[in-house]
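One structure below.
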Amino acid sequence: MLTEHFSLSEMTRSAWAERNGVTNCPDILQTTALANLCQTVLEPLRQQFGPITIRGAFKNERVNTGEHCPGASKHLSGEAVDISFRDEETGRSYFRFIKCHCNIDQMFFEYNRKGAMWLHVSACLDPRENRNQVFPNYLATYEQ
């Protein structure tokens, strides 16, 4: 377990990797970054709203490329997570809570042309590097 409620396997799960037989294992620094992300963002969010669903977090280079994600993604370093929610209202509540209560680098309320929505949240391992940038409406131009 990375924290009380979030496991390493949950934070490294990738449907694409499973379908394609690709291992998605972080190194020690990436694992430390994942634990930091869980502690600083996901645990406070869970405490406020109850169980939450992780859409994706750590992605090694092969998984990141296979999922057609941006090359400079914070998922590569273990510093980003995508959070699913049941409806837009819930997602907007998550967004407001994280914006007001968590020290983050960036947060995007993302959606795609197929109607899917999720929050992409990153938090740097060194909290002094966090820029606290938020983007309330962001069209994902890559496949997710």
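Within each chain, counting starts at residue 1; across the structure tokens, chains are named A, B, ... in the order shown, with ligands numbered 1 upward in that order.
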Could you build a table of the residues in range 18-63 of chain A lying no more than 9 Å from range 123-142 of chain A, giving for each the nearest pair of atoms and their separation in Å rounded to one decimal place, using only C-alpha atoms, ordered by chain and ascending residue number, as a tab-separated table?
residue	atom	partner	partner_atom	distance
A:Thr32	CA	A:Leu125	CA	7.8
A:Ala33	CA	A:Leu125	CA	5.3
A:Leu34	CA	A:Leu125	CA	8.6
A:Asn36	CA	A:Leu125	CA	6.5
A:Leu37	CA	A:Ala123	CA	6.0
A:Thr40	CA	A:Ala123	CA	7.9
A:Val41	CA	A:Ala123	CA	7.9
Can you list, as number ranges by chain, every residue of chain A that DSSP puts in strand (DSSP E)?
A: 53-56, 80-84, 106-111, 117-122, 133-139
With N, CA, C and O atoms retained, export the selected residues as a JSON list (two decimals), in the first residue's frame.
[["chain", "number", "residue", "atom", "x", "y", "z"],
["A", 53, "THR", "N", -12.50, 6.73, -7.76],
["A", 53, "THR", "CA", -12.05, 5.79, -8.78],
["A", 53, "THR", "C", -10.88, 6.38, -9.56],
["A", 53, "THR", "O", -10.99, 7.48, -10.12],
["A", 54, "ILE", "N", -9.79, 5.64, -9.60],
["A", 54, "ILE", "CA", -8.61, 6.05, -10.34],
["A", 54, "ILE", "C", -8.74, 5.54, -11.77],
["A", 54, "ILE", "O", -8.90, 4.34, -12.00],
["A", 55, "ARG", "N", -8.66, 6.42, -12.71],
["A", 55, "ARG", "CA", -8.72, 6.06, -14.14],
["A", 55, "ARG", "C", -7.34, 5.62, -14.63],
["A", 55, "ARG", "O", -7.22, 4.75, -15.47],
["A", 56, "GLY", "N", -6.31, 6.26, -14.11],
["A", 56, "GLY", "CA", -4.93, 5.92, -14.46],
["A", 56, "GLY", "C", -3.99, 6.81, -13.69],
["A", 56, "GLY", "O", -4.34, 7.91, -13.29],
["A", 80, "ALA", "N", 1.29, 12.22, -11.61],
["A", 80, "ALA", "CA", -0.04, 12.57, -12.12],
["A", 80, "ALA", "C", -1.01, 11.41, -11.98],
["A", 80, "ALA", "O", -0.62, 10.24, -12.04],
["A", 81, "VAL", "N", -2.26, 11.77, -11.81],
["A", 81, "VAL", "CA", -3.34, 10.80, -11.71],
["A", 81, "VAL", "C", -4.55, 11.33, -12.47],
["A", 81, "VAL", "O", -4.78, 12.54, -12.52],
["A", 82, "ASP", "N", -5.29, 10.43, -13.09],
["A", 82, "ASP", "CA", -6.57, 10.76, -13.71],
["A", 82, "ASP", "C", -7.65, 10.14, -12.84],
["A", 82, "ASP", "O", -7.59, 8.95, -12.52],
["A", 83, "ILE", "N", -8.63, 10.96, -12.47],
["A", 83, "ILE", "CA", -9.68, 10.54, -11.55],
["A", 83, "ILE", "C", -11.01, 10.52, -12.29],
["A", 83, "ILE", "O", -11.39, 11.50, -12.93],
["A", 84, "SER", "N", -11.72, 9.40, -12.19],
["A", 84, "SER", "CA", -13.05, 9.26, -12.79],
["A", 84, "SER", "C", -14.11, 9.72, -11.79],
["A", 84, "SER", "O", -13.87, 9.74, -10.59],
["A", 106, "GLN", "N", -0.65, 20.99, -11.47],
["A", 106, "GLN", "CA", -1.68, 21.34, -12.44],
["A", 106, "GLN", "C", -2.91, 20.46, -12.25],
["A", 106, "GLN", "O", -2.80, 19.32, -11.80],
["A", 107, "MET", "N", -4.07, 21.01, -12.65],
["A", 107, "MET", "CA", -5.30, 20.22, -12.67],
["A", 107, "MET", "C", -6.11, 20.64, -13.90],
["A", 107, "MET", "O", -6.30, 21.82, -14.16],
["A", 108, "PHE", "N", -6.54, 19.63, -14.64],
["A", 108, "PHE", "CA", -7.36, 19.83, -15.83],
["A", 108, "PHE", "C", -8.69, 19.10, -15.63],
["A", 108, "PHE", "O", -8.68, 17.91, -15.31],
["A", 109, "PHE", "N", -9.79, 19.79, -15.85],
["A", 109, "PHE", "CA", -11.08, 19.11, -15.97],
["A", 109, "PHE", "C", -11.16, 18.75, -17.44],
["A", 109, "PHE", "O", -11.47, 19.57, -18.29],
["A", 110, "GLU", "N", -10.82, 17.49, -17.74],
["A", 110, "GLU", "CA", -10.69, 17.07, -19.13],
["A", 110, "GLU", "C", -11.95, 16.38, -19.62],
["A", 110, "GLU", "O", -12.69, 15.78, -18.85],
["A", 111, "TYR", "N", -12.14, 16.47, -20.92],
["A", 111, "TYR", "CA", -13.23, 15.75, -21.58],
["A", 111, "TYR", "C", -12.77, 15.44, -22.99],
["A", 111, "TYR", "O", -11.80, 16.02, -23.49],
["A", 117, "MET", "N", -15.38, 12.29, -19.31],
["A", 117, "MET", "CA", -14.82, 13.38, -18.50],
["A", 117, "MET", "C", -13.99, 12.77, -17.38],
["A", 117, "MET", "O", -14.31, 11.69, -16.88],
["A", 118, "TRP", "N", -12.93, 13.48, -16.99],
["A", 118, "TRP", "CA", -12.09, 13.04, -15.88],
["A", 118, "TRP", "C", -11.27, 14.23, -15.40],
["A", 118, "TRP", "O", -11.15, 15.23, -16.09],
["A", 119, "LEU", "N", -10.70, 14.11, -14.22],
["A", 119, "LEU", "CA", -9.76, 15.11, -13.71],
["A", 119, "LEU", "C", -8.35, 14.57, -13.87],
["A", 119, "LEU", "O", -8.06, 13.44, -13.47],
["A", 120, "HIS", "N", -7.48, 15.38, -14.43],
["A", 120, "HIS", "CA", -6.05, 15.07, -14.48],
["A", 120, "HIS", "C", -5.42, 15.99, -13.44],
["A", 120, "HIS", "O", -5.55, 17.21, -13.52],
["A", 121, "VAL", "N", -4.75, 15.40, -12.44],
["A", 121, "VAL", "CA", -4.14, 16.17, -11.37],
["A", 121, "VAL", "C", -2.69, 15.75, -11.23],
["A", 121, "VAL", "O", -2.38, 14.56, -11.19],
["A", 122, "SER", "N", -1.80, 16.74, -11.17],
["A", 122, "SER", "CA", -0.39, 16.43, -10.93],
["A", 122, "SER", "C", 0.08, 17.18, -9.68],
["A", 122, "SER", "O", -0.40, 18.27, -9.37],
["A", 133, "GLN", "N", -1.72, 25.52, -11.00],
["A", 133, "GLN", "CA", -2.45, 25.92, -12.20],
["A", 133, "GLN", "C", -3.69, 25.04, -12.35],
["A", 133, "GLN", "O", -3.61, 23.83, -12.20],
["A", 134, "VAL", "N", -4.83, 25.68, -12.65],
["A", 134, "VAL", "CA", -6.07, 24.93, -12.85],
["A", 134, "VAL", "C", -6.71, 25.35, -14.18],
["A", 134, "VAL", "O", -6.68, 26.51, -14.55],
["A", 135, "PHE", "N", -7.27, 24.36, -14.86],
["A", 135, "PHE", "CA", -7.90, 24.56, -16.16],
["A", 135, "PHE", "C", -9.27, 23.90, -16.10],
["A", 135, "PHE", "O", -9.38, 22.67, -16.16],
["A", 136, "PRO", "N", -10.36, 24.70, -15.95],
["A", 136, "PRO", "CA", -11.67, 24.12, -15.70],
["A", 136, "PRO", "C", -12.34, 23.43, -16.89],
["A", 136, "PRO", "O", -13.30, 22.69, -16.70],
["A", 137, "ASN", "N", -11.87, 23.66, -18.10],
["A", 137, "ASN", "CA", -12.44, 23.01, -19.29],
["A", 137, "ASN", "C", -11.33, 22.76, -20.29],
["A", 137, "ASN", "O", -10.82, 23.70, -20.89],
["A", 138, "TYR", "N", -10.97, 21.49, -20.48],
["A", 138, "TYR", "CA", -9.84, 21.17, -21.34],
["A", 138, "TYR", "C", -10.20, 19.99, -22.23],
["A", 138, "TYR", "O", -10.45, 18.89, -21.76],
["A", 139, "LEU", "N", -10.25, 20.24, -23.53],
["A", 139, "LEU", "CA", -10.54, 19.20, -24.50],
["A", 139, "LEU", "C", -9.29, 18.36, -24.74],
["A", 139, "LEU", "O", -8.27, 18.88, -25.18]]
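Straight-line separation from CA of Gly78 in chain A to CA of Glu18 in chain A: 18.6 Å.
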Could you list, as a list in words, every residue within 8 Å of Thr12 in chain A, counting only C-alpha atoms and ignoring same-chain residues fewer than 4 positions away?
Leu8, Asn24, Cys25, Pro26, Gly56, Ala57, Phe58 and Lys59 of chain A
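Counting only C-alpha atoms and comparing A:His5, A:Arg96, A:Arg86, A:Lys74, the residue that lies closest to Arg46 in chain A is A:His5.
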For CA of Glu4 in chain A and CA of Arg92 in chain A, the interatomic separation in Å (one decimal)
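Between CA of Glu4 in chain A and CA of Arg92 in chain A the gap is 25.0 Å.
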For CA of Phe49 in chain A and CA of Phe95 in chain A, quote the distance in Å rounded to one decimal.
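Here the two named atoms are 11.9 Å from each other.
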Give the alpha helix (DSSP H) residues of range 17-142 of chain A, as assigned by DSSP on the backbone, as a ChimeraX atom specification.
/A:17-20,28-37,43-49,61-66,88-101
